[in-house]
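File shown: coords10.tsv. Contents: TSV, C-alpha atoms.
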```tsv
chain	number	residue	atom	x	y	z
A	1	MET	CA	20.57	161.50	232.46
A	2	VAL	CA	17.83	160.09	230.23
A	3	ARG	CA	18.99	159.12	226.77
A	4	PRO	CA	16.71	159.69	223.75
A	5	ARG	CA	14.55	156.64	223.14
A	6	ARG	CA	15.29	154.53	220.06
A	7	ARG	CA	12.42	153.31	217.91
A	8	GLU	CA	12.85	149.73	219.14
A	9	ASP	CA	12.87	150.70	222.81
A	10	PRO	CA	9.89	149.73	224.95
A	11	LEU	CA	7.31	152.39	225.61
A	12	SER	CA	7.53	154.59	228.65
A	13	GLU	CA	4.83	156.27	230.66
A	14	TYR	CA	4.65	159.30	232.90
A	15	ALA	CA	2.06	159.93	235.62
A	16	VAL	CA	1.42	162.29	238.51
A	17	ILE	CA	-0.10	160.83	241.66
A	18	GLN	CA	-1.49	162.76	244.62
A	19	THR	CA	-0.86	160.92	247.87
A	20	GLN	CA	-3.78	159.73	249.97
A	21	PHE	CA	-3.45	158.20	253.42
A	22	ARG	CA	-5.04	154.74	253.31
A	23	ASP	CA	-2.81	152.59	255.53
A	24	ALA	CA	-2.84	153.46	259.24
A	25	THR	CA	0.42	151.66	259.98
A	26	VAL	CA	2.30	153.47	257.23
A	27	LEU	CA	0.72	156.77	258.29
A	28	ALA	CA	1.91	156.19	261.86
A	29	GLY	CA	5.40	155.47	260.53
A	30	ALA	CA	5.36	158.67	258.49
A	31	LEU	CA	4.43	160.64	261.61
A	32	THR	CA	7.52	159.26	263.34
A	33	ASP	CA	9.56	160.40	260.33
A	34	LEU	CA	8.35	163.93	261.07
A	35	GLY	CA	9.55	163.70	264.66
A	36	PHE	CA	6.75	162.25	266.74
A	37	PRO	CA	7.83	159.42	269.03
A	38	ALA	CA	6.04	156.14	268.28
A	39	ARG	CA	4.67	156.02	271.82
A	40	ALA	CA	2.83	159.31	271.19
A	41	ILE	CA	0.70	157.80	268.41
A	42	GLU	CA	-2.54	156.16	269.54
A	43	TRP	CA	-4.73	153.89	267.41
A	44	HIS	CA	-8.39	153.36	268.26
A	45	GLU	CA	-10.61	150.95	266.32
A	46	GLU	CA	-13.54	153.13	267.31
A	47	PRO	CA	-13.02	156.89	266.90
A	48	VAL	CA	-12.36	158.78	270.12
A	49	VAL	CA	-13.01	162.44	270.83
A	50	LEU	CA	-10.23	164.97	270.30
A	51	ARG	CA	-9.72	167.41	273.13
A	52	GLY	CA	-7.88	170.67	273.57
A	53	PRO	CA	-7.93	174.14	275.09
A	54	THR	CA	-9.21	175.85	271.93
A	55	THR	CA	-11.44	173.10	270.56
A	56	GLU	CA	-14.76	174.61	269.47
A	57	VAL	CA	-16.36	171.73	267.61
A	58	ALA	CA	-16.29	168.14	268.82
A	59	ALA	CA	-14.30	165.91	266.48
A	60	TYR	CA	-13.48	162.21	266.55
A	61	ALA	CA	-10.46	160.36	265.22
A	62	GLN	CA	-8.96	156.87	265.12
A	63	LEU	CA	-5.30	157.80	264.92
A	64	VAL	CA	-4.63	160.34	267.67
A	65	ILE	CA	-1.68	162.34	268.96
A	66	ARG	CA	-2.49	164.02	272.25
A	67	GLY	CA	-1.90	167.73	272.63
A	68	ARG	CA	1.05	167.37	275.00
A	69	HIS	CA	2.99	165.73	272.14
A	70	VAL	CA	1.83	168.35	269.61
A	71	GLY	CA	3.05	171.43	271.45
A	72	PRO	CA	2.64	173.62	274.52
A	73	GLY	CA	-1.08	174.30	275.03
A	74	ALA	CA	-1.90	172.48	271.80
A	75	ASN	CA	-5.05	170.57	270.89
A	76	ASP	CA	-5.12	166.88	270.09
A	77	LEU	CA	-4.29	166.10	266.47
A	78	GLY	CA	-6.02	163.23	264.72
A	79	PHE	CA	-6.87	161.34	261.56
A	80	ILE	CA	-10.30	159.91	260.79
A	81	ARG	CA	-10.94	157.30	258.11
A	82	GLY	CA	-13.66	158.33	255.67
A	83	ARG	CA	-16.12	156.02	253.94
A	84	ASP	CA	-13.76	155.97	250.95
A	85	GLY	CA	-11.03	154.45	253.13
A	86	VAL	CA	-8.92	157.62	253.09
A	87	PHE	CA	-7.68	159.14	256.34
A	88	HIS	CA	-8.31	162.86	256.74
A	89	ALA	CA	-6.30	165.08	259.06
A	90	LEU	CA	-8.05	166.94	261.84
A	91	VAL	CA	-5.89	169.81	263.02
A	92	GLY	CA	-6.99	172.66	265.24
A	93	THR	CA	-6.98	176.10	263.65
A	94	MET	CA	-4.55	177.42	266.26
A	95	ASP	CA	-2.17	174.49	265.71
A	96	GLN	CA	-2.02	175.23	261.99
A	97	ARG	CA	-0.38	178.56	262.88
A	98	THR	CA	1.63	177.57	265.93
A	99	ARG	CA	5.04	175.96	265.71
A	100	GLY	CA	4.54	173.46	268.53
A	101	TRP	CA	7.05	170.64	268.79
A	102	HIS	CA	7.04	169.56	265.13
A	103	GLY	CA	4.87	172.10	263.30
A	104	PRO	CA	3.28	174.40	262.43
A	105	TYR	CA	0.79	171.77	261.37
A	106	ASP	CA	-0.31	173.50	258.20
A	107	GLN	CA	-0.66	172.48	254.55
A	108	THR	CA	3.12	172.44	254.15
A	109	TRP	CA	3.42	170.03	257.06
A	110	LEU	CA	0.71	167.83	255.56
A	111	GLY	CA	2.61	167.77	252.29
A	112	ARG	CA	5.76	166.63	254.07
A	113	LEU	CA	3.73	163.97	255.88
A	114	ALA	CA	2.25	162.79	252.58
A	115	ALA	CA	5.73	162.59	251.05
A	116	ALA	CA	7.06	160.56	254.00
A	117	TYR	CA	4.03	158.26	253.70
A	118	ALA	CA	4.60	157.72	249.98
A	119	VAL	CA	8.31	156.93	250.40
A	120	ARG	CA	7.57	154.34	253.10
A	121	GLN	CA	4.69	152.77	251.22
A	122	LEU	CA	6.53	152.47	247.90
A	123	ALA	CA	9.70	151.09	249.51
A	124	VAL	CA	7.76	148.46	251.45
A	125	GLN	CA	5.63	147.39	248.50
A	126	TYR	CA	8.42	147.14	245.94
A	127	GLN	CA	10.69	145.30	248.36
A	128	ALA	CA	7.83	142.87	249.06
A	129	LYS	CA	7.80	142.14	245.31
A	130	GLY	CA	11.51	141.38	245.49
A	131	TRP	CA	12.49	144.49	243.55
A	132	ARG	CA	15.67	146.42	244.27
A	133	VAL	CA	14.94	149.88	245.71
A	134	THR	CA	17.29	152.85	245.91
A	135	ILE	CA	16.32	156.16	247.55
A	136	THR	CA	18.08	159.50	247.23
A	137	ARG	CA	17.13	162.97	248.44
A	138	ASP	CA	18.17	166.29	246.87
A	139	LYS	CA	18.71	169.65	248.56
A	140	ALA	CA	15.21	170.83	247.69
A	141	GLY	CA	13.76	167.94	249.67
A	142	VAL	CA	12.64	165.96	246.63
A	143	VAL	CA	13.08	162.22	247.16
A	144	GLU	CA	13.83	159.98	244.18
A	145	LEU	CA	12.94	156.33	244.56
A	146	VAL	CA	14.02	153.92	241.84
A	147	ALA	CA	12.65	150.37	241.86
A	148	GLU	CA	13.97	147.73	239.49
A	149	GLY	CA	12.44	144.30	239.09
B	1	MET	CA	14.05	144.82	233.10
B	2	PRO	CA	11.21	147.08	234.26
B	3	ARG	CA	12.23	150.20	236.08
B	4	VAL	CA	10.04	152.59	238.05
B	5	ARG	CA	11.40	156.02	238.90
B	6	VAL	CA	9.35	158.06	241.38
B	7	ARG	CA	10.08	161.66	242.33
B	8	ILE	CA	8.32	162.42	245.61
B	9	HIS	CA	7.83	166.14	246.22
B	10	PRO	CA	7.49	167.82	249.64
B	11	THR	CA	3.96	168.80	248.57
B	12	GLY	CA	2.99	165.12	248.67
B	13	HIS	CA	2.62	164.59	244.94
B	14	LEU	CA	4.55	161.98	243.02
B	15	GLU	CA	5.93	161.92	239.50
B	16	VAL	CA	6.16	158.37	238.21
B	17	GLU	CA	8.10	157.27	235.15
B	18	ILE	CA	8.03	153.70	233.89
B	19	GLU	CA	10.74	152.32	231.65
B	20	GLY	CA	11.43	149.02	229.96
B	21	LEU	CA	7.94	147.67	229.38
B	22	THR	CA	5.27	147.58	226.73
B	23	ASP	CA	2.29	149.92	226.80
B	24	ASP	CA	0.11	147.54	228.84
B	25	GLY	CA	2.91	146.87	231.28
B	26	CYS	CA	3.48	150.59	231.83
B	27	HIS	CA	-0.20	151.15	232.53
B	28	ALA	CA	-0.27	148.27	235.01
B	29	LEU	CA	2.75	149.58	236.93
B	30	VAL	CA	1.32	153.09	237.16
B	31	ASP	CA	-1.99	151.68	238.39
B	32	GLU	CA	-0.13	149.56	240.92
B	33	ALA	CA	1.84	152.53	242.27
B	34	ALA	CA	-1.38	154.55	242.55
B	35	SER	CA	-3.15	151.74	244.39
B	36	TRP	CA	-0.46	151.96	247.07
B	37	THR	CA	-0.14	155.71	247.33
B	38	GLY	CA	-3.12	157.71	246.08
B	39	VAL	CA	-4.92	158.89	242.98
B	40	ILE	CA	-3.63	159.55	239.47
B	41	VAL	CA	-4.16	163.18	238.49
B	42	GLU	CA	-2.28	163.05	235.19
B	43	ARG	CA	-0.87	160.35	232.93
B	44	ARG	CA	0.64	160.25	229.47
B	45	ALA	CA	2.84	158.14	227.26
B	46	LEU	CA	6.24	159.70	226.85
B	47	PRO	CA	7.07	161.05	223.37
B	48	PRO	CA	10.38	160.17	221.67
B	49	ASP	CA	12.50	162.47	223.85
B	50	PRO	CA	11.61	161.44	227.41
B	51	SER	CA	13.86	163.99	229.10
B	52	ARG	CA	12.10	166.87	227.34
B	53	ALA	CA	8.68	165.43	228.07
B	54	ALA	CA	9.44	164.97	231.73
B	55	VAL	CA	10.65	168.54	232.05
B	56	GLU	CA	7.52	169.86	230.31
B	57	ALA	CA	5.32	167.73	232.48
B	58	ARG	CA	7.01	168.93	235.66
B	59	ARG	CA	6.54	172.53	234.60
B	60	SER	CA	2.85	171.99	233.93
B	61	ALA	CA	2.19	169.93	237.02
B	62	SER	CA	0.44	172.38	239.27
B	63	ARG	CA	0.01	171.43	242.87
B	64	PRO	CA	-2.98	169.11	242.71
B	65	GLU	CA	-5.89	169.35	245.06
B	66	GLY	CA	-5.20	166.75	247.70
B	67	ALA	CA	-7.53	164.46	249.51
B	68	VAL	CA	-5.75	165.57	252.63
B	69	ARG	CA	-8.05	167.95	254.43
B	70	ILE	CA	-7.08	170.27	257.21
B	71	GLY	CA	-9.26	171.61	259.98
B	72	ARG	CA	-12.00	170.28	262.12
B	73	ASP	CA	-14.91	168.74	260.26
B	74	PRO	CA	-18.22	169.24	262.06
B	75	SER	CA	-19.75	166.32	260.16
B	76	THR	CA	-17.45	163.91	261.98
B	77	GLY	CA	-18.39	165.11	265.40
```

What would the structure in this file look like if it were written as structure tokens?
Amino acid sequence: MVRPRRREDPLSEYAVIQTQFRDATVLAGALTDLGFPARAIEWHEEPVVLRGPTTEVAAYAQLVIRGRHVGPGANDLGFIRGRDGVFHALVGTMDQRTRGWHGPYDQTWLGRLAAAYAVRQLAVQYQAKGWRVTITRDKAGVVELVAEG
Amino acid sequence: MPRVRVRIHPTGHLEVEIEGLTDDGCHALVDEAASWTGVIVERRALPPDPSRAAVEARRSASRPEGAVRIGRDPSTG
């Protein structure tokens, strides 16, 4: 419950942030939150080719999950870091529509991954500052993180 | 004591509210949160009734275009 602000209260600010994947370690952690075992997540300093039964265009990625961990008959799933430092998901068209082990790997799945990434990143960073962090989750799947310093 | 409240939606967008600081301090904390997590797509100072403002902002916050891209990109191959 937010009480009405009194005139002498400090200012408050509201912002909306869209998550971007910039930290490979946190991204790997978020993938485990969505069910992938840590051993299934490969990191390659130099991008490696993604393979799969329905792959039509060659694609390369640094963070890779091989198809056997994605689902039966699935393609490899990967993330490639762009020149702006942001990782972009590379998901086969078929795998966006197929349930697989943890999917379907569609826009909804990417949103859940982004949310898991943000929770991990914020918790780690605020705790590193020595702030107290509390995390709650409601029935709609919205996570509330409160950090107090 | 500064307080940061972040609502993290399953769509991957975050609503951040800062309390207990001056204007400059609020800006700095929002910038800091964005530097860790992504890009700011909307920001505003809260008017006198924060609860009403937050509700209005949530209603108007459409699902932002993400930097997360799906599908094979021929340019990377």

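Our summary of the geometry notes that atom CA of A:Gly52 is positioned 28.6 Å from atom CA of B:Pro10.
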
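If you look at atom CA of B:Ala45 and atom CA of B:Val4, they are 14.1 Å away from each other.
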
### Query
Mind pulling up the distance from atom CA of A:Arg132 to atom CA of B:Glu15?
18.9 Å

### Message
Using all atoms listed in the file, I'd like every residue of chain A that has an atom within 6 Å of chain B; please write them out as a count of residues only.
### Response
35

### Query
Please, which residues are within 9 Å of (-6.1, 153.7, 257.1) by the file's coordinates, counting all atoms listed in the file, and could they come as a ChimeraX atom specification?
/A:21-27,63,79-82,85-87

Residues of the last selection are to be written out with C-alpha atoms, as an mmCIF file, keeping the file's coordinate frame.
```cif
data_model
loop_
_atom_site.group_PDB
_atom_site.id
_atom_site.type_symbol
_atom_site.label_atom_id
_atom_site.label_comp_id
_atom_site.auth_asym_id
_atom_site.auth_seq_id
_atom_site.Cartn_x
_atom_site.Cartn_y
_atom_site.Cartn_z
ATOM 1 C CA PHE A 21 -3.450 158.200 253.420
ATOM 2 C CA ARG A 22 -5.040 154.740 253.310
ATOM 3 C CA ASP A 23 -2.810 152.590 255.530
ATOM 4 C CA ALA A 24 -2.840 153.460 259.240
ATOM 5 C CA THR A 25 0.420 151.660 259.980
ATOM 6 C CA VAL A 26 2.300 153.470 257.230
ATOM 7 C CA LEU A 27 0.720 156.770 258.290
ATOM 8 C CA LEU A 63 -5.300 157.800 264.920
ATOM 9 C CA PHE A 79 -6.870 161.340 261.560
ATOM 10 C CA ILE A 80 -10.300 159.910 260.790
ATOM 11 C CA ARG A 81 -10.940 157.300 258.110
ATOM 12 C CA GLY A 82 -13.660 158.330 255.670
ATOM 13 C CA GLY A 85 -11.030 154.450 253.130
ATOM 14 C CA VAL A 86 -8.920 157.620 253.090
ATOM 15 C CA PHE A 87 -7.680 159.140 256.340
#
```

#### Entry: For A:Leu31, the nearest of the candidates A:Val48, A:Pro72, A:Trp109, A:Thr98, counting only C-alpha atoms
A:Trp109

### Query
What lies within 8 Å of A:His69 using all atoms listed in the file, ignoring chain neighbours under 4 positions off, as number ranges by chain?
A: 36, 40, 65, 101
